[in-house]
Structures are given as structure tokens and as C-alpha cells.
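Below: the structure, in C-alpha cells.
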Amino acid sequence: MSSFQNNFLYLDLLADSICDTRVKKVKQVFFTQINQLIDWQQISTVIDKYYTKGTSATGKPSYDGLLLFKICLLQTWYGLSDYEVEDRINDSLSFSSFLELTIDQTSPDHSTISRFRTAMTGAGAYDELLKSINKQLEQHQILVKTGAIVDASIVETPLKPKGKSNYELEAQQQQEQSQEVPTKTVEKKYSTSVDIEAAWIKRGKQLKYGYKKHYVTDNEGLVLGVLTTKASVNEISNLETVLKTADLPKDIAVKADKGYQSEKNNELLKTLGLKNNILKKATKNKALTQAQTDYNKLISKTRYKIERTFGSIKRWFNGGIARYRGIAKMHTQNIMEAIAYNLYRSPGILMSKA
């Protein structure tokens with residue numbers, strides 16, 4: 001290599017070091033790291049269980065499921081729509097290389113990408129894809145199940161009703177608690193521009209309309225399992241369902257905010273053979289003891305990492321806003337963000353262990 005080439009390479013690496021993380025992600029090195037880290041054939045095997053390629057309406061062979069899944073990854077990493085990712089693939093050599101498309105091959109069109117996502121969502125395939133990728137990360141000792149953290153975050157949707165009052169909010173919550181579904185009322189009240197599968201929740205003085213994503217992470221914040229509910233679902237009543245998404249080994253500690261603290265959840269963790277590291281909560285006329293306060297501070301040194309996971313997904317991938325309508329597609333969005341987050345952090349974690 002000539003001195004000119006060495007200088008050019010040095011300047012390129014220097015530029016990488018001073019660019020922000022979103023710029024660095026577009027570099028070929030990131031895609032190369034992911035392709036070296038993940039055995040895509042294993043992922044393809046999972047996809048092929050749920051997605052049949054067949055032929056298109058014009059008689060041409062349809063696109064491979066793994067190609068379409070990797071396109072969905074690119075969408076999530078860069079916050080792109082179906083139209084935008086199609087254009088970027090056709091314009092970007094690094095994108096094409098990651099997808100193993102030759103220079104004369106064009107991207108699948110936006111409708112093909114949308115149909116793939118819909119088919120995989122309908123088949124319930126994304127949970128297994130997260131598990132399959134996580135299994136490989138475990139083999140690399142990137143993801144380690146020595147502990148677990150549980151928390152939830154609201155994902156707002158722009159498809160919300162207009163003029164919702166506090167009284168209507170309380171009435172809706174009462175109807176949901178009694179498991180009644182007033183279909184006719186909903187049809188009259190909401191226009192077709194409203195996502196009727198979402199729900200209102202009040203946080204402080206703010207009303208939010210959307211969904212809630214419940215994550216189980218390891219002690220470093222990598223996502224082990226995902227549950228999606230409407231925003232009005234209370235975390236305290238949902239712990240068992242959330243934990244079942246993560247396939248946790250016995251005898252590890254489960255850390256959670258004090259909002260999960262209840263006798264029922266304490267008994268649940270005993271039954272599952274998991275250690276209870278839920279934050280202590282003061283009760284009426286009974287403040288926390290100094291020992292309980294110290295305990296909460298100790299647990300919080302690790303528990304905060306799941307909040308970092310939620311925040312990073314918002315910053316890096318423009319997450320935190322619903323891009324789709326309905327709880328099934330929102331679950332797909334939440335899982336894809338979890339997969340994208342785990343993979344995005346993996347090269348750095350692996351290098352730190354070297």
C-alpha cells in the first residue's frame with residue numbers, strides 16, 4: 001500500500017472517530033462486522049418456516065425472505081420508510097453489499113417489503129427471529145443471562161382521537177378492566193384515521209395515546225423478550241406474561257421498578273425460581289427504612305440500563321413513535337427495534353471483551 005493510500009486510510013479512520021454514531025453506522029465496517037457475527041443461514045431457516053417465496057404475479061421468482069428481512073433491519077437502523085429504503089438501496093453501495101446485491105440488481109419495491117412484513121407479522125414470526133439472533137449472541141458471549149431487568153415504555157401513535165376528555169379516559173379504562181368491547185360506540189366515535197387498537201394513558205398531567213412495549217433485558221440492557229400491549233395496560237399485572245417472553249434460567253435476579261412491587265409478583269418470582277430484586281416501595285403511613293433505601297440505590301445501579309435501552313432506541317432509530325396501525329404490526333416494530341439495538345451494540349461489546 002502506498003504512502004498516499006495509507007494517509008487516505010488514516011484520514012478516513014480519523015473522520016470516522018469524530019463523526020456521530022448515526023454517521024458511523026453507514027460505513028461498510030459496521031455491515032461487515034454484523035455479517036461476520038451472524039450466521040445468516042440460521043436466520044434464513046427460521047424465515048423460510050413462515051414465508052414462502054413462490055413466484056410474483058408476473059411469473060418471476062419472488063425475493064428471498066432473508067434479503068427482505070435484512071432490508072427491514074436497514075429500515076430500523078436508519079428510520080426509513082418502505083419508499084425511502086428502496087431508494088437508499090439503489091443509491092448506496094454499502095447497503096447493496098450488506099444485502100449481497102450485485103451492481104446490476106435493484107432493490108425490491110416498497111410494496112414487496114410491505115407484503116413481507118405483513119406476512120411475517122400475521123405468522124407471528126418475529127418473536128422466533130429475536131430468539132434465534134439472541135442465541136447466536138449468547139454463543140459469542142455478547143448476551144449473558146446472569147440477570148434480567150423488566151420495564152415498559154409508551155409508544156405514542158399520531159393516529160389518535162381528537163378532543164378526548166379526562167372523563168372519557170376514565171370511562172374507557174373502566175370498560176377495559178371489565179373486558180367489555182363497545183364496538184358500535186367505537187365505530188361511531190372514531191374516524192378511519194384513528195388507530196382503535198391503541199388506548200389512552202395519563203402520565204402526570206399529560207394524556208398519551210398509543211401502545212406500551214414491555215422489555216426484558218439482560219444486565220447490560222440487551223433485549224431478551226418483548227411484549228406489546230395497549231398503553232392502558234398496567235405493568236404490575238403483566239409481569240408473568242412479560243417474563244415468559246425471555247426464556248430466563250432459574251436462580252437469576254429480576255430487577256424492576258417499584259411499580260412492579262406486589263405480593264402477587266413476589267410469589268410469582270418464587271414460583272418461577274427467580275430472585276426478587278424489585279425495588280422496595282413505601283406504603284401508606286410507612287416510609288422506607290434506611291436499609292430499604294440503600295437496597296434500592298444498589299439495585300438502581302443496574303436497573304437504569306433498561307431505561308438507557310429505551311432512550312437509545314429513540315435517539316438512534318427514531319423509535320418511540322408508532323409507524324404502523326394495530327397492535328400486531330406495533331409488536332413487529334417493537335421486536336425489530338430490539339433486534340436492531342442488540343446487533344448495533346454487539347460489535348462494541350465483543351471488542352470490549354477481547
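Identifiers for the C-alpha cells are assigned positionally: chains receive A, B, ... in sequence, residues are indexed from 1 per chain, and ligands are indexed from 1 in the order shown.
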
**Item:** Test item: residues at most 12 Å from Asn265 of chain A, only C-alpha atoms, excluding those fewer than 5 positions along its chain, as a list in words
**Value:** Glu235, Ile236, Ser237, Asn238, Leu239, Glu240, Thr241, Val242, Leu243, Val254, Ala256, Lys258, Gly259, Tyr260, Lys270, Thr271, Leu272, Leu274, Lys275, Asn276, Asn277 and Ile278 of chain A

**Asked** Can you list, as a count of residues only, every residue of segment 243-319 of chain A that DSSP puts in strand (DSSP E)?
**Response** 8

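Between atom CA of Gly210 of chain A and atom CA of Gly79 of chain A lies a distance of 19.1 Å.
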
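Proximity to segment 326-328 of chain A at 8 Å, evaluated using only C-alpha atoms and with sequence-adjacent residues fewer than 4 positions away removed, yields Thr121, Gly122, Asp195, Ile196, Glu197, Ala198, Tyr211, Thr228, Thr229, Lys230 and Thr332 of chain A.
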
Take the residues that were just selected and, keeping C-alpha atoms, output them as a PDB file, in the first residue's frame.
ATOM      1  CA  THR A 121     -46.456 -10.359  11.250  1.00  0.00           C
ATOM      2  CA  GLY A 122     -49.524 -12.456  10.515  1.00  0.00           C
ATOM      3  CA  ASP A 195     -55.943   3.550  15.483  1.00  0.00           C
ATOM      4  CA  ILE A 196     -58.745   1.992  17.548  1.00  0.00           C
ATOM      5  CA  GLU A 197     -56.467  -0.762  18.917  1.00  0.00           C
ATOM      6  CA  ALA A 198     -54.408   1.819  20.835  1.00  0.00           C
ATOM      7  CA  TYR A 211     -49.150   1.349  22.954  1.00  0.00           C
ATOM      8  CA  THR A 228     -46.702  -5.303  23.262  1.00  0.00           C
ATOM      9  CA  THR A 229     -49.953  -4.090  24.819  1.00  0.00           C
ATOM     10  CA  LYS A 230     -52.204  -1.071  24.570  1.00  0.00           C
ATOM     11  CA  THR A 332     -43.325  -6.205  14.875  1.00  0.00           C
TER      12      THR A 332
END

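Distances from A:Ala338, A:Leu298, A:Val223, A:Ala253 to Gly319 of chain A were compared using only C-alpha atoms, and the smallest one belongs to A:Ala338.
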
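Pairwise distance (atom CA of Lys213 of chain A, atom CA of Ala246 of chain A) equals 14.0 Å.
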
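Across A:His110, A:Lys49, A:Arg308, A:Lys70, the tightest approach to Asn35 of chain A is made by A:Lys70 when counting only C-alpha atoms.
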
**Request:** Enumerate as an MDAnalysis selection string all residues of segment 59-238 of chain A assigned to helix (DSSP H, G or I) by DSSP on the backbone, naming them with the chain letters and numbers the document uses.
**Result:** chainID A and resid 65:78 82:91 93:98 110:122 126:139 166:177 183:189 235:237

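For the choices A:Asp48, A:Asp218, A:Glu100, A:Asp82, the atom-to-atom distance to Gln141 of chain A is smallest for A:Asp218 when using only C-alpha atoms.
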
Near Cys72 of chain A, within 9 Å and counting only C-alpha atoms, which residues show up once chain neighbours fewer than 6 positions away are dropped, as a compact mmCIF listing (two decimals) with all heavy atoms, in the first residue's frame?
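Saved to around.txt:
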# COMPACT_ATOMS: atom_id res chain seq x y z
N ASP A 82 -40.76 2.41 3.71
CA ASP A 82 -40.60 1.43 2.62
C ASP A 82 -40.10 2.11 1.35
O ASP A 82 -39.25 1.57 0.64
CB ASP A 82 -41.94 0.73 2.34
CG ASP A 82 -42.39 -0.14 3.50
OD1 ASP A 82 -41.54 -0.49 4.35
OD2 ASP A 82 -43.59 -0.47 3.57
N VAL A 85 -36.26 3.29 1.95
CA VAL A 85 -35.24 2.24 1.96
C VAL A 85 -35.02 1.70 0.55
O VAL A 85 -33.90 1.34 0.16
CB VAL A 85 -35.60 1.11 2.95
CG1 VAL A 85 -36.69 0.18 2.43
CG2 VAL A 85 -34.36 0.29 3.29
N ILE A 113 -41.71 -5.12 0.12
CA ILE A 113 -41.23 -5.01 1.51
C ILE A 113 -42.42 -5.01 2.47
O ILE A 113 -42.41 -5.69 3.50
CB ILE A 113 -40.39 -3.73 1.68
CG1 ILE A 113 -39.16 -3.79 0.76
CG2 ILE A 113 -39.95 -3.56 3.14
CD1 ILE A 113 -38.45 -2.46 0.60
N ARG A 117 -43.45 -7.88 5.42
CA ARG A 117 -43.65 -7.54 6.83
C ARG A 117 -45.04 -7.99 7.30
O ARG A 117 -45.20 -8.53 8.40
CB ARG A 117 -43.47 -6.04 7.05
CG ARG A 117 -43.60 -5.60 8.49
CD ARG A 117 -43.23 -4.13 8.67
NE ARG A 117 -43.95 -3.27 7.76
CZ ARG A 117 -43.38 -2.61 6.75
NH1 ARG A 117 -42.10 -2.71 6.52
NH2 ARG A 117 -44.10 -1.84 5.97
N MET A 336 -38.43 -5.54 16.00
CA MET A 336 -37.38 -5.14 15.06
C MET A 336 -36.44 -4.11 15.69
O MET A 336 -35.23 -4.14 15.46
CB MET A 336 -37.99 -4.59 13.78
CG MET A 336 -38.56 -5.65 12.84
SD MET A 336 -37.35 -6.91 12.34
CE MET A 336 -36.06 -5.92 11.59

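The closest residue to Tyr63 of chain A, picked from A:Leu248, A:Leu268, A:Val194, A:Leu101 and counting only C-alpha atoms, is A:Leu101.
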
**Asked** Quick one: residues within 7 Å of Lys53 of chain A, only C-alpha atoms counted, chain neighbours fewer than 2 positions away excluded, as an NGL selection string?
**Response** :A and (51 or 55 or 62-65)

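Here atom CA of Tyr304 of chain A and atom CA of Tyr209 of chain A stand 24.9 Å from one another.
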
**Request:** Give me the residues within 8 Å of Thr245 of chain A as a count of residues only, counting only C-alpha atoms and dropping any in the same chain fewer than 3 places off.
**Result:** 7

**Prompt:** Which residue, A:Leu37, A:Ala148, A:Ile154, A:Ile339, has the smallest gap to Asn134 of chain A when you use only C-alpha atoms?
**Reply:** A:Ile339

**Request:** Tell me which protein, DNA and RNA residues are within 9 Å of segment 102-106 of chain A, counting only C-alpha atoms, leaving out same-chain ones fewer than 4 positions away, and put them as a PyMOL selection string.
**Result:** chain A and resi 86+89-90+93+96-97

Just N, CA, C and O atoms for this one: save the residues we selected as a PDB file, in the first residue's frame.
ATOM      1  N   GLU A  86     -36.078   1.632  -0.253  1.00  0.00           N
ATOM      2  CA  GLU A  86     -35.932   1.213  -1.650  1.00  0.00           C
ATOM      3  C   GLU A  86     -34.968   2.141  -2.388  1.00  0.00           C
ATOM      4  O   GLU A  86     -34.055   1.682  -3.093  1.00  0.00           O
ATOM      5  N   ILE A  89     -31.228   1.765  -1.076  1.00  0.00           N
ATOM      6  CA  ILE A  89     -30.554   0.552  -1.551  1.00  0.00           C
ATOM      7  C   ILE A  89     -30.047   0.750  -2.973  1.00  0.00           C
ATOM      8  O   ILE A  89     -28.931   0.360  -3.320  1.00  0.00           O
ATOM      9  N   ASN A  90     -30.869   1.376  -3.814  1.00  0.00           N
ATOM     10  CA  ASN A  90     -30.483   1.594  -5.214  1.00  0.00           C
ATOM     11  C   ASN A  90     -29.367   2.626  -5.358  1.00  0.00           C
ATOM     12  O   ASN A  90     -28.665   2.653  -6.375  1.00  0.00           O
ATOM     13  N   LEU A  93     -23.888   1.787  -2.262  1.00  0.00           N
ATOM     14  CA  LEU A  93     -23.107   0.569  -2.455  1.00  0.00           C
ATOM     15  C   LEU A  93     -23.000  -0.229  -1.162  1.00  0.00           C
ATOM     16  O   LEU A  93     -22.998  -1.466  -1.177  1.00  0.00           O
ATOM     17  N   SER A  96     -26.252  -2.155  -0.665  1.00  0.00           N
ATOM     18  CA  SER A  96     -26.316  -3.261  -1.617  1.00  0.00           C
ATOM     19  C   SER A  96     -25.368  -4.389  -1.221  1.00  0.00           C
ATOM     20  O   SER A  96     -25.701  -5.573  -1.332  1.00  0.00           O
ATOM     21  N   SER A  97     -24.201  -4.013  -0.738  1.00  0.00           N
ATOM     22  CA  SER A  97     -23.219  -5.003  -0.323  1.00  0.00           C
ATOM     23  C   SER A  97     -23.726  -5.810   0.873  1.00  0.00           C
ATOM     24  O   SER A  97     -23.574  -7.034   0.921  1.00  0.00           O
TER      25      SER A  97
END
